[in-house]
Each structure stands twice: as C-alpha cells, then as structure tokens.
file structure-v6.cif (mmCIF, N, CA and C atoms)
data_run
loop_
_atom_site.group_PDB
_atom_site.id
_atom_site.type_symbol
_atom_site.label_atom_id
_atom_site.label_comp_id
_atom_site.auth_asym_id
_atom_site.auth_seq_id
_atom_site.Cartn_x
_atom_site.Cartn_y
_atom_site.Cartn_z
ATOM 1 N N MET A 747 129.119 125.428 63.776
ATOM 2 C CA MET A 747 127.974 125.708 64.616
ATOM 3 C C MET A 747 126.731 124.990 64.085
ATOM 4 N N LEU A 748 126.568 124.985 62.786
ATOM 5 C CA LEU A 748 125.446 124.290 62.177
ATOM 6 C C LEU A 748 125.545 122.797 62.458
ATOM 7 N N MET A 749 126.733 122.261 62.474
ATOM 8 C CA MET A 749 126.942 120.846 62.752
ATOM 9 C C MET A 749 126.533 120.526 64.192
ATOM 10 N N ALA A 750 126.809 121.415 65.119
ATOM 11 C CA ALA A 750 126.431 121.209 66.517
ATOM 12 C C ALA A 750 124.919 121.179 66.661
ATOM 13 N N LEU A 751 124.205 121.997 65.928
ATOM 14 C CA LEU A 751 122.746 122.020 65.988
ATOM 15 C C LEU A 751 122.160 120.729 65.420
ATOM 16 N N LEU A 752 122.816 120.175 64.426
ATOM 17 C CA LEU A 752 122.311 118.959 63.823
ATOM 18 C C LEU A 752 122.543 117.740 64.712
ATOM 19 N N THR A 753 123.596 117.750 65.525
ATOM 20 C CA THR A 753 123.888 116.599 66.377
ATOM 21 C C THR A 753 123.166 116.691 67.720
ATOM 22 N N PHE A 754 122.670 117.821 68.092
ATOM 23 C CA PHE A 754 122.001 117.979 69.389
ATOM 24 C C PHE A 754 120.767 117.083 69.537
ATOM 25 N N PRO A 755 119.886 116.972 68.539
ATOM 26 C CA PRO A 755 118.738 116.079 68.698
ATOM 27 C C PRO A 755 119.143 114.625 68.903
ATOM 28 N N GLN A 756 120.240 114.195 68.328
ATOM 29 C CA GLN A 756 120.702 112.829 68.543
ATOM 30 C C GLN A 756 121.123 112.629 69.992
ATOM 31 N N MET A 757 121.766 113.618 70.561
ATOM 32 C CA MET A 757 122.171 113.535 71.958
ATOM 33 C C MET A 757 120.936 113.449 72.847
ATOM 34 N N SER A 758 119.909 114.200 72.496
ATOM 35 C CA SER A 758 118.683 114.199 73.282
ATOM 36 C C SER A 758 118.035 112.813 73.256
ATOM 37 N N SER A 759 118.016 112.182 72.108
ATOM 38 C CA SER A 759 117.411 110.859 72.015
ATOM 39 C C SER A 759 118.259 109.830 72.766
ATOM 40 N N LYS A 760 119.585 109.989 72.778
ATOM 41 C CA LYS A 760 120.445 109.075 73.523
ATOM 42 C C LYS A 760 120.196 109.211 75.023
ATOM 43 N N VAL A 761 119.991 110.446 75.469
ATOM 44 C CA VAL A 761 119.711 110.684 76.885
ATOM 45 C C VAL A 761 118.363 110.057 77.244
ATOM 46 N N ALA A 762 117.383 110.212 76.363
ATOM 47 C CA ALA A 762 116.063 109.634 76.622
ATOM 48 C C ALA A 762 116.137 108.116 76.669
ATOM 49 N N ILE A 763 116.904 107.512 75.788
ATOM 50 C CA ILE A 763 117.048 106.060 75.768
ATOM 51 C C ILE A 763 117.749 105.585 77.043
ATOM 52 N N ALA A 764 118.782 106.304 77.450
ATOM 53 C CA ALA A 764 119.498 105.951 78.682
ATOM 54 C C ALA A 764 118.566 106.060 79.888
ATOM 55 N N SER A 765 117.711 107.072 79.894
ATOM 56 C CA SER A 765 116.752 107.243 80.973
ATOM 57 C C SER A 765 115.756 106.083 80.988
ATOM 58 N N ASP A 766 115.282 105.688 79.798
ATOM 59 C CA ASP A 766 114.349 104.562 79.701
ATOM 60 C C ASP A 766 115.004 103.264 80.173
ATOM 61 N N ILE A 767 116.267 103.075 79.826
ATOM 62 C CA ILE A 767 116.990 101.876 80.252
ATOM 63 C C ILE A 767 117.148 101.881 81.772
ATOM 64 N N GLY A 768 117.450 103.045 82.332
ATOM 65 C CA GLY A 768 117.585 103.161 83.787
ATOM 66 C C GLY A 768 116.279 102.832 84.498
ATOM 67 N N GLN A 769 115.168 103.340 83.972
ATOM 68 C CA GLN A 769 113.863 103.050 84.562
ATOM 69 C C GLN A 769 113.542 101.560 84.451
ATOM 70 N N ALA A 770 113.856 100.968 83.320
ATOM 71 C CA ALA A 770 113.599 99.536 83.118
ATOM 72 C C ALA A 770 114.438 98.708 84.090
ATOM 73 N N CYS A 771 115.676 99.107 84.328
ATOM 74 C CA CYS A 771 116.543 98.379 85.267
ATOM 75 C C CYS A 771 116.003 98.475 86.687
ATOM 76 N N ARG A 772 115.540 99.671 87.082
ATOM 77 C CA ARG A 772 114.970 99.828 88.422
ATOM 78 C C ARG A 772 113.686 99.010 88.567
ATOM 79 N N ALA A 773 112.859 99.000 87.532
ATOM 80 C CA ALA A 773 111.630 98.201 87.571
ATOM 81 C C ALA A 773 111.960 96.715 87.661
ATOM 82 N N LEU A 774 112.968 96.267 86.932
ATOM 83 C CA LEU A 774 113.386 94.870 86.964
ATOM 84 C C LEU A 774 113.884 94.485 88.355
ATOM 85 N N GLU A 775 114.702 95.339 88.971
ATOM 86 C CA GLU A 775 115.202 95.069 90.319
ATOM 87 C C GLU A 775 114.046 94.964 91.308
ATOM 88 N N GLN A 776 113.071 95.861 91.190
ATOM 89 C CA GLN A 776 111.911 95.844 92.084
ATOM 90 C C GLN A 776 111.115 94.547 91.912
ATOM 91 N N LEU A 777 110.880 94.153 90.674
ATOM 92 C CA LEU A 777 110.126 92.928 90.406
ATOM 93 C C LEU A 777 110.859 91.688 90.904
ATOM 94 N N GLN A 778 112.183 91.671 90.749
ATOM 95 C CA GLN A 778 112.960 90.540 91.237
ATOM 96 C C GLN A 778 112.894 90.456 92.758
ATOM 97 N N MET A 779 112.931 91.612 93.428
ATOM 98 C CA MET A 779 112.838 91.631 94.880
ATOM 99 C C MET A 779 111.460 91.119 95.320
ATOM 100 N N GLU A 780 110.400 91.576 94.657
ATOM 101 C CA GLU A 780 109.049 91.153 95.011
ATOM 102 C C GLU A 780 108.827 89.673 94.707
ATOM 103 N N ALA A 781 109.461 89.159 93.685
ATOM 104 C CA ALA A 781 109.305 87.746 93.335
ATOM 105 C C ALA A 781 109.915 86.851 94.407
ATOM 106 N N GLY A 782 110.891 87.358 95.135
ATOM 107 C CA GLY A 782 111.551 86.566 96.167
ATOM 108 C C GLY A 782 110.827 86.557 97.502
ATOM 109 N N ILE A 783 109.761 87.328 97.646
ATOM 110 C CA ILE A 783 109.032 87.400 98.911
ATOM 111 C C ILE A 783 108.165 86.153 99.070
ATOM 112 N N ASN A 784 108.243 85.529 100.234
ATOM 113 C CA ASN A 784 107.384 84.374 100.526
ATOM 114 C C ASN A 784 105.970 84.877 100.778
ATOM 115 N N ARG A 785 105.011 84.303 100.108
ATOM 116 C CA ARG A 785 103.620 84.736 100.226
ATOM 117 C C ARG A 785 102.774 83.642 100.856
ATOM 118 N N VAL A 786 101.699 84.078 101.509
ATOM 119 C CA VAL A 786 100.757 83.158 102.122
ATOM 120 C C VAL A 786 99.502 83.148 101.254
ATOM 121 N N LYS A 787 98.962 81.966 101.007
ATOM 122 C CA LYS A 787 97.745 81.882 100.206
ATOM 123 C C LYS A 787 96.601 82.548 100.952
ATOM 124 N N VAL A 788 95.695 83.163 100.211
ATOM 125 C CA VAL A 788 94.579 83.891 100.801
ATOM 126 C C VAL A 788 93.710 82.961 101.642
ATOM 127 N N SER A 789 93.485 81.758 101.184
ATOM 128 C CA SER A 789 92.651 80.818 101.940
ATOM 129 C C SER A 789 93.277 80.507 103.299
ATOM 130 N N LYS A 790 94.597 80.346 103.343
ATOM 131 C CA LYS A 790 95.299 80.077 104.593
ATOM 132 C C LYS A 790 95.246 81.299 105.508
ATOM 133 N N ALA A 791 95.457 82.486 104.947
ATOM 134 C CA ALA A 791 95.415 83.711 105.740
ATOM 135 C C ALA A 791 94.017 83.936 106.310
ATOM 136 N N ALA A 792 92.975 83.665 105.511
ATOM 137 C CA ALA A 792 91.605 83.841 105.981
ATOM 138 C C ALA A 792 91.283 82.860 107.105
ATOM 139 N N THR A 793 91.734 81.616 106.976
ATOM 140 C CA THR A 793 91.514 80.608 108.025
ATOM 141 C C THR A 793 92.214 81.018 109.315
ATOM 142 N N ASP A 794 93.455 81.468 109.204
ATOM 143 C CA ASP A 794 94.210 81.908 110.384
ATOM 144 C C ASP A 794 93.542 83.118 111.043
ATOM 145 N N LEU A 795 93.075 84.056 110.243
ATOM 146 C CA LEU A 795 92.423 85.251 110.783
ATOM 147 C C LEU A 795 91.126 84.890 111.497
ATOM 148 N N LEU A 796 90.344 84.004 110.910
ATOM 149 C CA LEU A 796 89.099 83.568 111.534
ATOM 150 C C LEU A 796 89.385 82.862 112.850
ATOM 151 N N GLN A 797 90.395 82.017 112.883
ATOM 152 C CA GLN A 797 90.768 81.320 114.114
ATOM 153 C C GLN A 797 91.213 82.312 115.181
ATOM 154 N N PHE A 798 92.028 83.276 114.809
ATOM 155 C CA PHE A 798 92.511 84.286 115.758
ATOM 156 C C PHE A 798 91.345 85.073 116.336
ATOM 157 N N CYS A 799 90.420 85.517 115.477
ATOM 158 C CA CYS A 799 89.269 86.302 115.945
ATOM 159 C C CYS A 799 88.392 85.488 116.883
ATOM 160 N N THR A 800 88.204 84.208 116.573
ATOM 161 C CA THR A 800 87.397 83.332 117.424
ATOM 162 C C THR A 800 88.051 83.162 118.791
ATOM 163 N N GLU A 801 89.357 82.994 118.812
ATOM 164 C CA GLU A 801 90.076 82.834 120.080
ATOM 165 C C GLU A 801 90.041 84.112 120.910
ATOM 166 N N GLN A 802 90.137 85.261 120.272
ATOM 167 C CA GLN A 802 90.188 86.537 120.978
ATOM 168 C C GLN A 802 88.806 87.059 121.375
ATOM 169 N N ALA A 803 87.752 86.487 120.810
ATOM 170 C CA ALA A 803 86.394 86.976 121.068
ATOM 171 C C ALA A 803 86.016 86.865 122.542
ATOM 172 N N LYS A 804 86.590 85.880 123.243
ATOM 173 C CA LYS A 804 86.261 85.681 124.660
ATOM 174 C C LYS A 804 86.669 86.862 125.520
ATOM 175 N N SER A 805 87.717 87.547 125.133
ATOM 176 C CA SER A 805 88.214 88.661 125.943
ATOM 177 C C SER A 805 87.975 90.017 125.295
ATOM 178 N N ASP A 806 87.202 90.068 124.230
ATOM 179 C CA ASP A 806 86.933 91.336 123.540
ATOM 180 C C ASP A 806 85.799 92.074 124.246
ATOM 181 N N PRO A 807 86.067 93.262 124.809
ATOM 182 C CA PRO A 807 85.031 93.976 125.563
ATOM 183 C C PRO A 807 83.856 94.441 124.692
ATOM 184 N N PHE A 808 84.024 94.486 123.412
ATOM 185 C CA PHE A 808 82.932 94.909 122.544
ATOM 186 C C PHE A 808 82.020 93.736 122.168
ATOM 187 N N LEU A 809 82.459 92.508 122.403
ATOM 188 C CA LEU A 809 81.649 91.335 122.096
ATOM 189 C C LEU A 809 81.071 90.687 123.348
ATOM 190 N N VAL A 810 81.771 90.814 124.474
ATOM 191 C CA VAL A 810 81.327 90.220 125.731
ATOM 192 C C VAL A 810 80.591 91.294 126.525
ATOM 193 N N VAL A 811 79.447 90.927 127.068
ATOM 194 C CA VAL A 811 78.667 91.889 127.851
ATOM 195 C C VAL A 811 79.382 92.152 129.167
ATOM 196 N N ILE A 812 79.613 93.424 129.458
ATOM 197 C CA ILE A 812 80.276 93.825 130.695
ATOM 198 C C ILE A 812 79.191 94.334 131.642
ATOM 199 N N PRO A 813 79.173 93.874 132.877
ATOM 200 C CA PRO A 813 78.181 94.381 133.826
ATOM 201 C C PRO A 813 78.296 95.897 133.978
ATOM 202 N N ALA A 814 77.178 96.572 134.091
ATOM 203 C CA ALA A 814 77.155 98.037 134.150
ATOM 204 C C ALA A 814 77.980 98.573 135.322
ATOM 205 N N ALA A 815 78.000 97.847 136.421
ATOM 206 C CA ALA A 815 78.727 98.323 137.604
ATOM 207 C C ALA A 815 80.241 98.337 137.382
ATOM 208 N N THR A 816 80.747 97.437 136.551
ATOM 209 C CA THR A 816 82.195 97.357 136.346
ATOM 210 C C THR A 816 82.618 97.811 134.955
ATOM 211 N N ASN A 817 81.738 98.433 134.214
ATOM 212 C CA ASN A 817 82.029 98.857 132.840
ATOM 213 C C ASN A 817 82.981 100.053 132.848
ATOM 214 N N PRO A 818 84.220 99.897 132.398
ATOM 215 C CA PRO A 818 85.159 101.025 132.381
ATOM 216 C C PRO A 818 84.858 102.023 131.267
ATOM 217 N N PHE A 819 83.986 101.662 130.332
ATOM 218 C CA PHE A 819 83.679 102.545 129.214
ATOM 219 C C PHE A 819 82.429 103.390 129.467
ATOM 220 N N LYS A 820 81.742 103.118 130.558
ATOM 221 C CA LYS A 820 80.511 103.849 130.871
ATOM 222 C C LYS A 820 80.858 105.259 131.318
ATOM 223 N N LYS A 821 80.171 106.225 130.725
ATOM 224 C CA LYS A 821 80.399 107.628 131.111
ATOM 225 C C LYS A 821 79.596 107.914 132.353
ATOM 226 N N PRO A 822 80.185 108.643 133.281
ATOM 227 C CA PRO A 822 79.429 108.996 134.472
ATOM 228 C C PRO A 822 78.289 109.960 134.121
ATOM 229 N N CYS A 823 77.179 109.788 134.781
ATOM 230 C CA CYS A 823 76.016 110.634 134.539
ATOM 231 C C CYS A 823 75.916 111.643 135.683
ATOM 232 N N ALA A 824 75.927 112.887 135.340
ATOM 233 C CA ALA A 824 75.820 113.927 136.380
ATOM 234 C C ALA A 824 74.532 114.702 136.157
ATOM 235 N N ILE A 825 73.689 114.679 137.160
ATOM 236 C CA ILE A 825 72.429 115.437 137.089
ATOM 237 C C ILE A 825 72.647 116.758 137.813
ATOM 238 N N VAL A 826 72.344 117.815 137.132
ATOM 239 C CA VAL A 826 72.579 119.141 137.704
ATOM 240 C C VAL A 826 71.375 119.649 138.406
#
call {"tool": "encode", "arguments": {"input": "structure-v6.cif", "output": "structure tokens"}}
result
Amino acid sequence: MLMALLTFPQMSSKVAIASDIGQACRALEQLQMEAGINRVKVSKAATDLLQFCTEQAKSDPFLVVIPAATNPFKKPCAIV
C-alpha cells in the first residue's frame, strides 16, 4: 500500500505531460490549418473596399438625396 502511494504522484505527472502533449498537438494542427489559408494583403483589400463603396454610392439611399414626395423612409405626419 505504501508503494502505491509513492507511485501515484508519478502517474499524475505522466497524465499532466500527456495532457500537455495533447494540447500542443491540437495547437500545432490549428496553426498548420491557418498557415494554409490564402490571405489578401490589407492594401489590396482596402483598395477593393474603396472601389466597391464608390461604385455602390450611386444607389445608396443614405448618400443620394431622395425627393420628399417619393421618400420611403419618411414617417407620415398626423396632426390631431
């Protein structure tokens, strides 16, 4: 029984090491997956976004003035 008590802490450290190895393997797999993702440079993404916004600005109801008579966002005014 005394021998079992003396070997128990070793088992605990082996379990902890196995857990650390498992976490390291999962982290490695995640990093390898992320390394394989094709990325776009920020400068290219910013240029594309600016171009898209400029093209869409013509039809954006918040940027183009809508005549009051045809404004679908105008709330009706009711005088009581």
call {"tool": "atom_distance", "arguments": {"input": "structure-v6.cif", "atom1": "CA of Gln797 (chain A)", "atom2": "CA of Leu809 (chain A)"}}
result
15.7 Å
call {"tool": "atom_distance", "arguments": {"input": "structure-v6.cif", "atom1": "CA of Ala791 (chain A)", "atom2": "CA of Val810 (chain A)"}}
result
25.3 Å
call {"tool": "atom_distance", "arguments": {"input": "structure-v6.cif", "atom1": "atom C of Pro813 (chain A)", "atom2": "CA of Leu795 (chain A)"}}
result
29.2 Å
call {"tool": "decode", "arguments": {"input": "structure-v6.cif", "residues": "region 769-806 of chain A", "atoms": "N, CA, C and O atoms", "output": "PDB file, in the first residue's frame"}}
result
ATOM      1  N   GLN A 769      -2.505  18.994 -25.922  1.00  0.00           N
ATOM      2  CA  GLN A 769      -2.792  20.399 -26.200  1.00  0.00           C
ATOM      3  C   GLN A 769      -1.829  20.946 -27.254  1.00  0.00           C
ATOM      4  O   GLN A 769      -2.225  21.697 -28.139  1.00  0.00           O
ATOM      5  N   ALA A 770      -0.571  20.578 -27.156  1.00  0.00           N
ATOM      6  CA  ALA A 770       0.430  21.040 -28.126  1.00  0.00           C
ATOM      7  C   ALA A 770       0.105  20.498 -29.517  1.00  0.00           C
ATOM      8  O   ALA A 770       0.232  21.222 -30.518  1.00  0.00           O
ATOM      9  N   CYS A 771      -0.344  19.258 -29.604  1.00  0.00           N
ATOM     10  CA  CYS A 771      -0.700  18.667 -30.904  1.00  0.00           C
ATOM     11  C   CYS A 771      -1.901  19.380 -31.510  1.00  0.00           C
ATOM     12  O   CYS A 771      -1.920  19.671 -32.716  1.00  0.00           O
ATOM     13  N   ARG A 772      -2.909  19.687 -30.679  1.00  0.00           N
ATOM     14  CA  ARG A 772      -4.080  20.408 -31.184  1.00  0.00           C
ATOM     15  C   ARG A 772      -3.698  21.818 -31.637  1.00  0.00           C
ATOM     16  O   ARG A 772      -4.169  22.298 -32.669  1.00  0.00           O
ATOM     17  N   ALA A 773      -2.835  22.479 -30.880  1.00  0.00           N
ATOM     18  CA  ALA A 773      -2.380  23.818 -31.269  1.00  0.00           C
ATOM     19  C   ALA A 773      -1.595  23.758 -32.575  1.00  0.00           C
ATOM     20  O   ALA A 773      -1.760  24.618 -33.450  1.00  0.00           O
ATOM     21  N   LEU A 774      -0.761  22.745 -32.741  1.00  0.00           N
ATOM     22  CA  LEU A 774       0.018  22.577 -33.964  1.00  0.00           C
ATOM     23  C   LEU A 774      -0.900  22.353 -35.163  1.00  0.00           C
ATOM     24  O   LEU A 774      -0.715  22.957 -36.217  1.00  0.00           O
ATOM     25  N   GLU A 775      -1.912  21.499 -35.009  1.00  0.00           N
ATOM     26  CA  GLU A 775      -2.861  21.249 -36.095  1.00  0.00           C
ATOM     27  C   GLU A 775      -3.583  22.534 -36.483  1.00  0.00           C
ATOM     28  O   GLU A 775      -3.768  22.825 -37.672  1.00  0.00           O
ATOM     29  N   GLN A 776      -3.990  23.319 -35.488  1.00  0.00           N
ATOM     30  CA  GLN A 776      -4.686  24.580 -35.753  1.00  0.00           C
ATOM     31  C   GLN A 776      -3.777  25.550 -36.513  1.00  0.00           C
ATOM     32  O   GLN A 776      -4.190  26.181 -37.485  1.00  0.00           O
ATOM     33  N   LEU A 777      -2.537  25.669 -36.078  1.00  0.00           N
ATOM     34  CA  LEU A 777      -1.593  26.571 -36.737  1.00  0.00           C
ATOM     35  C   LEU A 777      -1.290  26.136 -38.166  1.00  0.00           C
ATOM     36  O   LEU A 777      -1.180  26.961 -39.065  1.00  0.00           O
ATOM     37  N   GLN A 778      -1.179  24.824 -38.382  1.00  0.00           N
ATOM     38  CA  GLN A 778      -0.934  24.326 -39.728  1.00  0.00           C
ATOM     39  C   GLN A 778      -2.121  24.620 -40.637  1.00  0.00           C
ATOM     40  O   GLN A 778      -1.951  24.984 -41.800  1.00  0.00           O
ATOM     41  N   MET A 779      -3.338  24.485 -40.103  1.00  0.00           N
ATOM     42  CA  MET A 779      -4.528  24.779 -40.887  1.00  0.00           C
ATOM     43  C   MET A 779      -4.563  26.272 -41.240  1.00  0.00           C
ATOM     44  O   MET A 779      -4.813  26.649 -42.391  1.00  0.00           O
ATOM     45  N   GLU A 780      -4.270  27.135 -40.270  1.00  0.00           N
ATOM     46  CA  GLU A 780      -4.287  28.574 -40.512  1.00  0.00           C
ATOM     47  C   GLU A 780      -3.175  28.996 -41.470  1.00  0.00           C
ATOM     48  O   GLU A 780      -3.343  29.954 -42.237  1.00  0.00           O
ATOM     49  N   ALA A 781      -2.057  28.318 -41.442  1.00  0.00           N
ATOM     50  CA  ALA A 781      -0.948  28.657 -42.335  1.00  0.00           C
ATOM     51  C   ALA A 781      -1.311  28.365 -43.786  1.00  0.00           C
ATOM     52  O   ALA A 781      -0.784  29.005 -44.699  1.00  0.00           O
ATOM     53  N   GLY A 782      -2.216  27.432 -44.006  1.00  0.00           N
ATOM     54  CA  GLY A 782      -2.608  27.067 -45.363  1.00  0.00           C
ATOM     55  C   GLY A 782      -3.675  27.964 -45.965  1.00  0.00           C
ATOM     56  O   GLY A 782      -4.001  27.833 -47.143  1.00  0.00           O
ATOM     57  N   ILE A 783      -4.220  28.895 -45.198  1.00  0.00           N
ATOM     58  CA  ILE A 783      -5.278  29.774 -45.695  1.00  0.00           C
ATOM     59  C   ILE A 783      -4.666  30.852 -46.588  1.00  0.00           C
ATOM     60  O   ILE A 783      -3.686  31.495 -46.214  1.00  0.00           O
ATOM     61  N   ASN A 784      -5.251  31.046 -47.758  1.00  0.00           N
ATOM     62  CA  ASN A 784      -4.802  32.119 -48.655  1.00  0.00           C
ATOM     63  C   ASN A 784      -5.273  33.450 -48.087  1.00  0.00           C
ATOM     64  O   ASN A 784      -6.457  33.621 -47.789  1.00  0.00           O
ATOM     65  N   ARG A 785      -4.376  34.386 -47.956  1.00  0.00           N
ATOM     66  CA  ARG A 785      -4.698  35.687 -47.373  1.00  0.00           C
ATOM     67  C   ARG A 785      -4.559  36.785 -48.414  1.00  0.00           C
ATOM     68  O   ARG A 785      -3.783  36.675 -49.354  1.00  0.00           O
ATOM     69  N   VAL A 786      -5.323  37.854 -48.200  1.00  0.00           N
ATOM     70  CA  VAL A 786      -5.270  39.015 -49.072  1.00  0.00           C
ATOM     71  C   VAL A 786      -4.534  40.117 -48.316  1.00  0.00           C
ATOM     72  O   VAL A 786      -4.781  40.335 -47.128  1.00  0.00           O
ATOM     73  N   LYS A 787      -3.636  40.807 -48.999  1.00  0.00           N
ATOM     74  CA  LYS A 787      -2.913  41.895 -48.348  1.00  0.00           C
ATOM     75  C   LYS A 787      -3.886  43.005 -47.988  1.00  0.00           C
ATOM     76  O   LYS A 787      -4.867  43.248 -48.692  1.00  0.00           O
ATOM     77  N   VAL A 788      -3.623  43.680 -46.882  1.00  0.00           N
ATOM     78  CA  VAL A 788      -4.506  44.731 -46.390  1.00  0.00           C
ATOM     79  C   VAL A 788      -4.633  45.854 -47.415  1.00  0.00           C
ATOM     80  O   VAL A 788      -5.731  46.387 -47.631  1.00  0.00           O
ATOM     81  N   SER A 789      -3.557  46.210 -48.066  1.00  0.00           N
ATOM     82  CA  SER A 789      -3.610  47.289 -49.058  1.00  0.00           C
ATOM     83  C   SER A 789      -4.546  46.923 -50.209  1.00  0.00           C
ATOM     84  O   SER A 789      -5.318  47.757 -50.693  1.00  0.00           O
ATOM     85  N   LYS A 790      -4.513  45.669 -50.651  1.00  0.00           N
ATOM     86  CA  LYS A 790      -5.387  45.206 -51.724  1.00  0.00           C
ATOM     87  C   LYS A 790      -6.841  45.183 -51.255  1.00  0.00           C
ATOM     88  O   LYS A 790      -7.739  45.624 -51.973  1.00  0.00           O
ATOM     89  N   ALA A 791      -7.078  44.699 -50.039  1.00  0.00           N
ATOM     90  CA  ALA A 791      -8.435  44.648 -49.502  1.00  0.00           C
ATOM     91  C   ALA A 791      -9.003  46.054 -49.338  1.00  0.00           C
ATOM     92  O   ALA A 791     -10.179  46.293 -49.639  1.00  0.00           O
ATOM     93  N   ALA A 792      -8.176  47.003 -48.875  1.00  0.00           N
ATOM     94  CA  ALA A 792      -8.636  48.377 -48.700  1.00  0.00           C
ATOM     95  C   ALA A 792      -8.973  49.015 -50.045  1.00  0.00           C
ATOM     96  O   ALA A 792      -9.985  49.721 -50.175  1.00  0.00           O
ATOM     97  N   THR A 793      -8.154  48.765 -51.062  1.00  0.00           N
ATOM     98  CA  THR A 793      -8.417  49.298 -52.408  1.00  0.00           C
ATOM     99  C   THR A 793      -9.718  48.729 -52.962  1.00  0.00           C
ATOM    100  O   THR A 793     -10.548  49.471 -53.505  1.00  0.00           O
ATOM    101  N   ASP A 794      -9.913  47.428 -52.812  1.00  0.00           N
ATOM    102  CA  ASP A 794     -11.143  46.785 -53.293  1.00  0.00           C
ATOM    103  C   ASP A 794     -12.369  47.327 -52.555  1.00  0.00           C
ATOM    104  O   ASP A 794     -13.416  47.561 -53.169  1.00  0.00           O
ATOM    105  N   LEU A 795     -12.254  47.512 -51.255  1.00  0.00           N
ATOM    106  CA  LEU A 795     -13.376  48.025 -50.465  1.00  0.00           C
ATOM    107  C   LEU A 795     -13.724  49.452 -50.871  1.00  0.00           C
ATOM    108  O   LEU A 795     -14.904  49.798 -51.023  1.00  0.00           O
ATOM    109  N   LEU A 796     -12.716  50.280 -51.074  1.00  0.00           N
ATOM    110  CA  LEU A 796     -12.948  51.657 -51.500  1.00  0.00           C
ATOM    111  C   LEU A 796     -13.613  51.683 -52.868  1.00  0.00           C
ATOM    112  O   LEU A 796     -14.569  52.450 -53.097  1.00  0.00           O
ATOM    113  N   GLN A 797     -13.167  50.844 -53.781  1.00  0.00           N
ATOM    114  CA  GLN A 797     -13.770  50.772 -55.111  1.00  0.00           C
ATOM    115  C   GLN A 797     -15.223  50.323 -55.020  1.00  0.00           C
ATOM    116  O   GLN A 797     -16.107  50.895 -55.666  1.00  0.00           O
ATOM    117  N   PHE A 798     -15.496  49.313 -54.222  1.00  0.00           N
ATOM    118  CA  PHE A 798     -16.864  48.808 -54.058  1.00  0.00           C
ATOM    119  C   PHE A 798     -17.770  49.895 -53.503  1.00  0.00           C
ATOM    120  O   PHE A 798     -18.881  50.113 -54.007  1.00  0.00           O
ATOM    121  N   CYS A 799     -17.312  50.602 -52.462  1.00  0.00           N
ATOM    122  CA  CYS A 799     -18.128  51.659 -51.848  1.00  0.00           C
ATOM    123  C   CYS A 799     -18.401  52.785 -52.834  1.00  0.00           C
ATOM    124  O   CYS A 799     -19.508  53.329 -52.876  1.00  0.00           O
ATOM    125  N   THR A 800     -17.402  53.138 -53.637  1.00  0.00           N
ATOM    126  CA  THR A 800     -17.570  54.194 -54.637  1.00  0.00           C
ATOM    127  C   THR A 800     -18.596  53.779 -55.687  1.00  0.00           C
ATOM    128  O   THR A 800     -19.455  54.580 -56.080  1.00  0.00           O
ATOM    129  N   GLU A 801     -18.539  52.535 -56.119  1.00  0.00           N
ATOM    130  CA  GLU A 801     -19.491  52.041 -57.118  1.00  0.00           C
ATOM    131  C   GLU A 801     -20.909  51.979 -56.561  1.00  0.00           C
ATOM    132  O   GLU A 801     -21.877  52.266 -57.254  1.00  0.00           O
ATOM    133  N   GLN A 802     -21.059  51.602 -55.308  1.00  0.00           N
ATOM    134  CA  GLN A 802     -22.376  51.439 -54.701  1.00  0.00           C
ATOM    135  C   GLN A 802     -22.976  52.756 -54.207  1.00  0.00           C
ATOM    136  O   GLN A 802     -24.161  52.821 -53.894  1.00  0.00           O
ATOM    137  N   ALA A 803     -22.165  53.800 -54.113  1.00  0.00           N
ATOM    138  CA  ALA A 803     -22.634  55.079 -53.571  1.00  0.00           C
ATOM    139  C   ALA A 803     -23.761  55.676 -54.408  1.00  0.00           C
ATOM    140  O   ALA A 803     -24.624  56.383 -53.882  1.00  0.00           O
ATOM    141  N   LYS A 804     -23.769  55.381 -55.714  1.00  0.00           N
ATOM    142  CA  LYS A 804     -24.800  55.937 -56.599  1.00  0.00           C
ATOM    143  C   LYS A 804     -26.194  55.463 -56.233  1.00  0.00           C
ATOM    144  O   LYS A 804     -27.174  56.176 -56.432  1.00  0.00           O
ATOM    145  N   SER A 805     -26.297  54.271 -55.699  1.00  0.00           N
ATOM    146  CA  SER A 805     -27.612  53.714 -55.378  1.00  0.00           C
ATOM    147  C   SER A 805     -27.869  53.627 -53.880  1.00  0.00           C
ATOM    148  O   SER A 805     -28.867  53.048 -53.464  1.00  0.00           O
ATOM    149  N   ASP A 806     -27.018  54.222 -53.070  1.00  0.00           N
ATOM    150  CA  ASP A 806     -27.189  54.174 -51.612  1.00  0.00           C
ATOM    151  C   ASP A 806     -28.171  55.256 -51.174  1.00  0.00           C
ATOM    152  O   ASP A 806     -27.908  56.448 -51.334  1.00  0.00           O
TER     153      ASP A 806
END
